[in-house]
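Visitor: Sharing a structure below in structure tokens format, with a few things to ask.
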Amino acid sequence: MNYKLEAKHNLQHSSRIKETESLDKLIENCQTGFSNQFEENCSLISYAPGRINVLGEHTDYNNGLSLSGAINRWVVVGISKRRDRLVKAFSSNFNQLITYDPNSKIQDNKAWRHFIEGGCRIMDSVYNISSGYNLYIIGNVPIGGGVSSSAALCIALLRGIAHINQIQLSDKNLATLASKVEHQDVNVKSGLLDQYSSVWGQKGHLLSLDFKYQTCSPISFKSDQYAFLITDSKVKRALANTAYTDRVQETSLALEMLKEEFISIANFRDIEEKHLGLISELTPRKRLRHYISENERVIKGVGAITKGDYKFLGELLNESHDSLKNDYEVSCNEIDFLTQKLRDHDGCLGSRIMGGGFGGCCISIVKVEQINAIIQATSQAYEDHFELTPDFFLYDLVDGANVITQDFFADI
Ligand code: GLA
């Protein structure tokens with residue numbers, strides 16, 4: 001399952017492409033790990049995938065559009081209820097056990113505990129639950145790799161808690177609650193891109209997401225000749241969260257300014273290029289220019305994929321990067337260098353920064369037969385320039401989050 005993309009494209013195995021376990025293997029390891037850790041079987045397993053984003057960056061928190069997809073990297077959570085109110089969570093990736101006591105102020109200091117505590121707390125308060133859990137968490141979504149490992153963890157955890165307590169939780173509510181965990185407990189006022197992609201993923205499809213109407217249209221992506229190559233720059237900016245919050249505030253202030261001037265503007269989606277002239281300050285004008293042009297690129301990108309026009313899709317990726325770099329100002333030297341090097345190669349049709357920005361990843365549309373050559377040329381140049389070794393990933397597009405209950409285990 002996990003090597004399908006490479007098999008499908010008959011790629012010469014590149015040592016630079018990171019490999020991964022299948023979902024079945026992760027589930028099996030989760031069951032075994034749970035039993036070893038807690039000396040009982042888990043009652044259910046909940047899993048959620050990471051995501052890529054082809055177009056539509058920094059649009060989600062302003063009711064915009066995106067074109068994303070769920071990928072064959074998952075966070076898998078094994079759960080059973082405890083008799084007391086404690087939450088004991090073991091992370092296989094960090095090899096750490098945390099204990100969360102909702103009645104005690106003294107908590108653990110591990111970074112990933114925020115998601116567990118926040119997830120349990122929000123479910124307790126919204127659904128008035130008072131249960132403790134044993135949790136075993138395992139996964140292969142690259143942590144901090146720009147493909148939303150934290151959203152996958154929150155989605156898997158919340159869906160698991162809902163299921164074990166027999167709570168009906170719609171996909172939209174699940175996504176909203178998971179994003180609130182990031183808002184309240186991690187203090188990033190992000191949109192719903194990561195959560196919707198993880199929940200609504202469809203095998204072999206990208207997702208055309210509309211955050212104003214909270215809708216998702218699957219767009220089939222099938223090509224033997226072209227693939228999305230993800231490059232992790234390995235750059236992590238400590239101030240990325242602050243800068244992200246600045247962008248949220250800047251755009252929200254710019255909207256308020258326009259609302260006062262134009263009765264026709266109630267929402268970000270009502271803003272058109274012609275309105276921007278009224279904003280005297282350059283920065284908010286540039287931010288909104290990115291928003292408008294990026295939404296247009298999503299619409300054009302959906303058309304390009306539907307027609308199989310990957311050359312045009314590549315141009316849209318390049319334009320998106322330029323807009324994120326110059327108008328939204330969320331790129332950095334390393335990513336600018338990488339996207340340029342990637343674009344310089346014949347086999348790359350376009351490349352742009354992906355995700356929140358200030359480091360992280362870029363996404364490129366590339367010719368499959370030239371992937372190894374692209375990787376070689378890009379990584380060599382990047383290493384020479386920045387003394388950093390980039391990671392490269394090819395992903396399959398997969399179905400969204402789900403739960404497996406005990407009756408099912410017998411069949412696995
Ligand atoms: C991060 C956030 C998303 C989205 C992207 C930028 O990944 O979690 O909600 O805003 O940045 O498009």
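Every chain in the structure tokens takes a letter, A first, then B, and so on in the order presented; its residues are numbered from 1, and the ligands are numbered from 1 following the presented order.
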Using only C-alpha atoms, what does the table of region 5-104 of chain A residues within 12 Å of region 306-313 of chain A look like, with each row giving the shortest atom pair and its distance in Å to one decimal, sorted by chain and ascending number, as CSV?
Guide:
```
residue,atom,partner,partner_atom,distance
A:Val54,CA,A:Leu313,CA,9.3
A:Leu55,CA,A:Leu313,CA,9.4
A:Leu67,CA,A:Leu313,CA,11.7
```
Visitor: Region 181-185 of chain A: which residues within 9 Å, counting only C-alpha atoms, same-chain residues fewer than 2 positions away excluded, as number ranges by chain?
Guide: A: 114-115, 117-119, 121-122, 150-151, 154, 176-179, 187-190
Visitor: Need to verify the contact set: Lys222 (chain A), 10 Å, only C-alpha atoms, exclusion of same-chain residues closer than 5 positions in sequence. Can you return it as an MDAnalysis selection string?
Guide: chainID A and resid 204:206 227 305:306 308 397
Visitor: Using C-alpha atoms, can you export the residues from the last selection as a PDB file, in the first residue's frame?
Guide:
```pdb
ATOM      1  CA  GLY A 204      -7.000   9.191  -5.442  1.00  0.00           C
ATOM      2  CA  HIS A 205      -8.568  12.632  -5.065  1.00  0.00           C
ATOM      3  CA  LEU A 206      -7.602  16.151  -4.182  1.00  0.00           C
ATOM      4  CA  ALA A 227       3.464  13.734  -9.236  1.00  0.00           C
ATOM      5  CA  ILE A 305      -6.181  19.243 -12.873  1.00  0.00           C
ATOM      6  CA  THR A 306      -9.523  18.298 -14.357  1.00  0.00           C
ATOM      7  CA  GLY A 308      -4.770  17.315 -17.072  1.00  0.00           C
ATOM      8  CA  LEU A 397      -3.856  10.471  -1.751  1.00  0.00           C
TER       9      LEU A 397
END
```
Visitor: Can you tell me how far CA of Ser131 (chain A) sits from CA of Pro102 (chain A), in Å to one decimal?
Guide: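 These two atoms are separated by 9.9 Å.
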Visitor: Tell me which protein, DNA and RNA residues are within 12 Å of Gly56 (chain A), counting only C-alpha atoms, leaving out same-chain ones fewer than 3 positions away, and put them as a ChimeraX atom specification.
Guide: /A:52-53,59-69,191,193,207-211,290-302,316-317,319-321,323-324,352-356
Visitor: Output C-alpha atoms for every residue in that selection, as a short mmCIF file (atom, residue, chain, number, x, y, z; two decimals), in the first residue's frame.
Guide:
```cif
data_model
loop_
_atom_site.label_atom_id
_atom_site.label_comp_id
_atom_site.auth_asym_id
_atom_site.auth_seq_id
_atom_site.Cartn_x
_atom_site.Cartn_y
_atom_site.Cartn_z
CA ILE A 52 -0.66 18.28 1.44
CA ASN A 53 -1.92 21.55 0.00
CA THR A 59 -6.96 31.56 2.75
CA ASP A 60 -8.71 29.14 5.14
CA TYR A 61 -9.02 31.41 8.18
CA ASN A 62 -10.61 34.06 5.96
CA ASN A 63 -13.39 32.01 4.35
CA GLY A 64 -11.33 31.34 1.21
CA LEU A 65 -10.61 28.35 -1.03
CA SER A 66 -7.97 25.58 -1.04
CA LEU A 67 -7.03 22.52 -3.04
CA SER A 68 -5.58 19.97 -0.66
CA GLY A 69 -5.43 16.20 -0.16
CA GLY A 191 -8.16 27.87 9.92
CA LEU A 193 -7.52 23.44 6.13
CA LEU A 207 -10.15 18.17 -2.23
CA SER A 208 -11.50 21.46 -3.47
CA LEU A 209 -12.40 23.14 -0.16
CA ASP A 210 -14.58 26.20 0.32
CA PHE A 211 -14.22 27.56 3.85
CA HIS A 290 -2.66 37.70 -2.10
CA TYR A 291 -5.99 36.48 -0.75
CA ILE A 292 -7.92 37.46 -3.88
CA SER A 293 -5.33 36.12 -6.34
CA GLU A 294 -4.83 32.89 -4.37
CA ASN A 295 -8.56 32.11 -4.41
CA GLU A 296 -8.54 32.65 -8.17
CA ARG A 297 -5.58 30.29 -8.52
CA VAL A 298 -7.48 27.58 -6.65
CA ILE A 299 -10.37 27.84 -9.12
CA LYS A 300 -7.95 27.77 -12.07
CA GLY A 301 -5.99 24.91 -10.45
CA VAL A 302 -9.12 22.75 -10.18
CA LEU A 316 -0.14 28.55 -10.87
CA LEU A 317 2.17 27.07 -8.23
CA GLU A 319 2.52 32.45 -9.09
CA SER A 320 1.28 31.30 -5.71
CA HIS A 321 4.82 31.23 -4.37
CA SER A 323 2.43 36.02 -4.09
CA LEU A 324 3.20 34.31 -0.75
CA ARG A 352 5.91 26.88 -4.11
CA ILE A 353 6.11 27.10 -0.35
CA MET A 354 3.45 24.92 1.35
CA GLY A 355 1.74 25.44 4.72
CA GLY A 356 2.03 28.21 7.29
#
```
Visitor: Skipping near chain neighbours, those fewer than 2 positions away, what residues fall within 7 Å of region 374-386 of chain A using only C-alpha atoms, listed as a list in words?
Guide: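 Once the adjacent positions are removed, what remains is Leu338, Lys341, Leu342, His345, Gly347, Gln370, Ile371, Asn372, Leu388, Thr389 and Pro390 of chain A.
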Visitor: Given only C-alpha atoms as the basis, pick out the residue of A:Gln214, A:Gln31, A:Asn267, A:Asn140 nearest to Phe94 (chain A).
Guide: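 For Phe94 (chain A), the nearest of the given residues is A:Asn140.
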Visitor: Could you check which of A:Ile279, A:His58, A:Val403, A:Ala70 is closest to Pro218 (chain A), using only C-alpha atoms?
Guide: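 For Pro218 (chain A), the nearest of the candidates is A:Ala70.
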Visitor: Name the closest residue to ligand 1 among the candidates A:Asp84, A:Ala162, A:Gly357, A:Cys348; distances are taken between atoms, counting only C-alpha atoms and all ligand atoms.
Guide: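 Nearest to ligand 1: A:Gly357.
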Visitor: When you count only C-alpha atoms, which of these residues is closest to Pro142 (chain A): A:Asp336, A:Asp232, A:Asp101, A:Glu273?
Guide: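 Of the candidates, the smallest distance to Pro142 (chain A) is held by A:Asp232.
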Visitor: Find the residues around Val77 (chain A) up to 7 Å (only C-alpha atoms counted), leave out those fewer than 6 positions away in its own chain, and share them as a list in words.
Guide: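 After dropping sequence-adjacent residues, the list is Ile45, Ser46, Tyr47, Leu135, Tyr136, Ile137, Ile138, Ala156 and Leu157 of chain A.
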Visitor: Using N, CA and C atoms, can you export the residues from the last selection as a CSV table (one decimal), in the first residue's frame?
Guide:
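So part-v2.csv came out as:
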```
chain,number,residue,atom,x,y,z
A,45,ILE,N,-9.6,1.6,17.8
A,45,ILE,CA,-8.5,2.4,17.2
A,45,ILE,C,-9.0,3.4,16.3
A,46,SER,N,-8.5,4.6,16.4
A,46,SER,CA,-8.9,5.8,15.6
A,46,SER,C,-7.7,6.3,14.9
A,47,TYR,N,-7.9,6.6,13.6
A,47,TYR,CA,-6.7,7.1,12.9
A,47,TYR,C,-7.1,8.3,12.0
A,135,LEU,N,-4.3,5.7,26.4
A,135,LEU,CA,-4.2,6.0,25.0
A,135,LEU,C,-2.8,5.6,24.5
A,136,TYR,N,-2.7,4.9,23.4
A,136,TYR,CA,-1.4,4.6,22.8
A,136,TYR,C,-1.4,5.2,21.4
A,137,ILE,N,-0.4,6.1,21.2
A,137,ILE,CA,-0.3,6.9,20.0
A,137,ILE,C,0.9,6.5,19.2
A,138,ILE,N,0.7,6.2,17.9
A,138,ILE,CA,1.8,5.8,17.0
A,138,ILE,C,1.5,6.5,15.7
A,156,ALA,N,-7.7,12.3,15.3
A,156,ALA,CA,-7.8,10.9,15.7
A,156,ALA,C,-8.2,10.8,17.1
A,157,LEU,N,-7.7,11.6,18.0
A,157,LEU,CA,-8.0,11.6,19.4
A,157,LEU,C,-9.5,11.9,19.6
```
Visitor: What gap, in Å, lies between CA of Ala175 (chain A) and CA of Thr405 (chain A)?
Guide: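 Computing it gives 21.0 Å between the two atoms.
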Visitor: Please determine, counting only C-alpha atoms and all ligand atoms, which residue among A:Thr245, A:Gln225, A:Thr339, A:Asn128 has the shortest atom-to-atom distance to ligand 1.
Guide: A:Thr245
Visitor: What's the 10 Å shell around Leu97 (chain A), counting only C-alpha atoms, without same-chain residues fewer than 4 positions away, as number ranges by chain?
Guide: A: 37, 88-92, 108, 110, 113, 135-136
Visitor: I need the residues of region 95-241 of chain A that end up classed as strand (DSSP E or B) by DSSP on the backbone, written out as number ranges by chain.
Guide: A: 96-100, 132-139, 202, 205-210, 215-220, 226-232
Visitor: How would the residues just chosen look if you wrote them out with N, CA and C atoms as a tab-separated table (two decimals), in the first residue's frame?
Guide:
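Written file, again-v4.tsv:
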```tsv
chain	number	residue	atom	x	y	z
A	96	GLN	N	7.43	8.31	25.23
A	96	GLN	CA	7.13	9.01	26.48
A	96	GLN	C	5.71	8.67	26.93
A	97	LEU	N	5.56	8.56	28.25
A	97	LEU	CA	4.23	8.36	28.84
A	97	LEU	C	3.87	9.63	29.60
A	98	ILE	N	2.68	10.17	29.35
A	98	ILE	CA	2.24	11.30	30.16
A	98	ILE	C	0.97	10.90	30.92
A	99	THR	N	0.79	11.52	32.06
A	99	THR	CA	-0.45	11.31	32.81
A	99	THR	C	-1.13	12.65	32.96
A	100	TYR	N	-2.39	12.69	32.61
A	100	TYR	CA	-3.15	13.94	32.73
A	100	TYR	C	-4.28	13.71	33.74
A	132	GLY	N	-11.84	8.69	32.17
A	132	GLY	CA	-10.40	8.65	31.94
A	132	GLY	C	-10.10	7.63	30.85
A	133	TYR	N	-8.92	7.72	30.24
A	133	TYR	CA	-8.59	6.82	29.12
A	133	TYR	C	-7.15	6.35	29.22
A	134	ASN	N	-6.90	5.18	28.66
A	134	ASN	CA	-5.54	4.79	28.29
A	134	ASN	C	-5.42	5.03	26.80
A	135	LEU	N	-4.35	5.68	26.40
A	135	LEU	CA	-4.16	6.01	24.99
A	135	LEU	C	-2.78	5.57	24.54
A	136	TYR	N	-2.72	4.95	23.37
A	136	TYR	CA	-1.42	4.59	22.79
A	136	TYR	C	-1.37	5.24	21.41
A	137	ILE	N	-0.36	6.07	21.21
A	137	ILE	CA	-0.31	6.88	19.98
A	137	ILE	C	0.92	6.50	19.16
A	138	ILE	N	0.66	6.24	17.90
A	138	ILE	CA	1.76	5.85	17.01
A	138	ILE	C	1.48	6.50	15.66
A	139	GLY	N	2.51	6.77	14.88
A	139	GLY	CA	2.21	7.39	13.58
A	139	GLY	C	3.43	7.57	12.73
A	202	GLN	N	-10.11	11.71	0.31
A	202	GLN	CA	-10.65	10.63	-0.55
A	202	GLN	C	-9.52	10.05	-1.37
A	205	HIS	N	-7.94	11.34	-4.79
A	205	HIS	CA	-8.57	12.63	-5.07
A	205	HIS	C	-7.92	13.77	-4.27
A	206	LEU	N	-7.87	14.92	-4.92
A	206	LEU	CA	-7.60	16.15	-4.18
A	206	LEU	C	-8.95	16.68	-3.71
A	207	LEU	N	-8.91	17.64	-2.79
A	207	LEU	CA	-10.15	18.17	-2.23
A	207	LEU	C	-10.24	19.66	-2.52
A	208	SER	N	-11.28	20.04	-3.24
A	208	SER	CA	-11.50	21.46	-3.47
A	208	SER	C	-12.36	21.96	-2.30
A	209	LEU	N	-11.73	22.74	-1.41
A	209	LEU	CA	-12.40	23.14	-0.16
A	209	LEU	C	-12.85	24.60	-0.24
A	210	ASP	N	-14.07	24.84	0.23
A	210	ASP	CA	-14.58	26.20	0.32
A	210	ASP	C	-14.89	26.46	1.80
A	215	THR	N	-17.68	23.45	2.38
A	215	THR	CA	-17.96	22.35	1.47
A	215	THR	C	-16.67	21.77	0.91
A	216	CYS	N	-16.79	20.55	0.40
A	216	CYS	CA	-15.63	19.85	-0.15
A	216	CYS	C	-16.05	19.13	-1.44
A	217	SER	N	-15.36	19.39	-2.55
A	217	SER	CA	-15.62	18.63	-3.78
A	217	SER	C	-14.37	17.84	-4.12
A	218	PRO	N	-14.47	16.52	-4.18
A	218	PRO	CA	-13.31	15.72	-4.54
A	218	PRO	C	-12.95	15.88	-6.02
A	219	ILE	N	-11.66	16.04	-6.32
A	219	ILE	CA	-11.19	16.19	-7.70
A	219	ILE	C	-10.23	15.05	-7.98
A	220	SER	N	-10.58	14.21	-8.92
A	220	SER	CA	-9.74	13.04	-9.20
A	220	SER	C	-8.35	13.48	-9.69
A	226	TYR	N	3.01	12.59	-13.90
A	226	TYR	CA	3.29	13.73	-13.02
A	226	TYR	C	2.96	13.38	-11.58
A	227	ALA	N	3.72	13.98	-10.67
A	227	ALA	CA	3.46	13.73	-9.24
A	227	ALA	C	3.80	14.99	-8.45
A	228	PHE	N	3.28	15.06	-7.22
A	228	PHE	CA	3.63	16.17	-6.33
A	228	PHE	C	4.81	15.73	-5.47
A	229	LEU	N	5.89	16.46	-5.58
A	229	LEU	CA	7.08	16.17	-4.78
A	229	LEU	C	7.14	17.18	-3.63
A	230	ILE	N	7.25	16.67	-2.41
A	230	ILE	CA	7.32	17.55	-1.24
A	230	ILE	C	8.78	17.60	-0.78
A	231	THR	N	9.28	18.80	-0.56
A	231	THR	CA	10.66	18.97	-0.08
A	231	THR	C	10.62	19.66	1.27
A	232	ASP	N	11.19	19.01	2.27
A	232	ASP	CA	11.25	19.62	3.60
A	232	ASP	C	12.58	20.35	3.72
```
Visitor: Mind giving me the straight-line distance from CA of His275 (chain A) to CA of Tyr328 (chain A) in Å, one decimal?
Guide: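 That distance, rounded to one decimal, is 17.7 Å.
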Visitor: With only C-alpha atoms and all ligand atoms as the atoms that count, which of A:Cys361, A:Leu258, A:Val76, A:Ile404 lies nearest to ligand 1?
Guide: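 Using only C-alpha atoms and all ligand atoms, ligand 1 sits closest to A:Cys361.
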Visitor: So that I can check the secondary structure, give me every residue of region 344-406 of chain A assigned helix (DSSP H, G or I) by backbone DSSP, as a VMD selection string.
Guide: chain A and resid 344 368 to 386 406
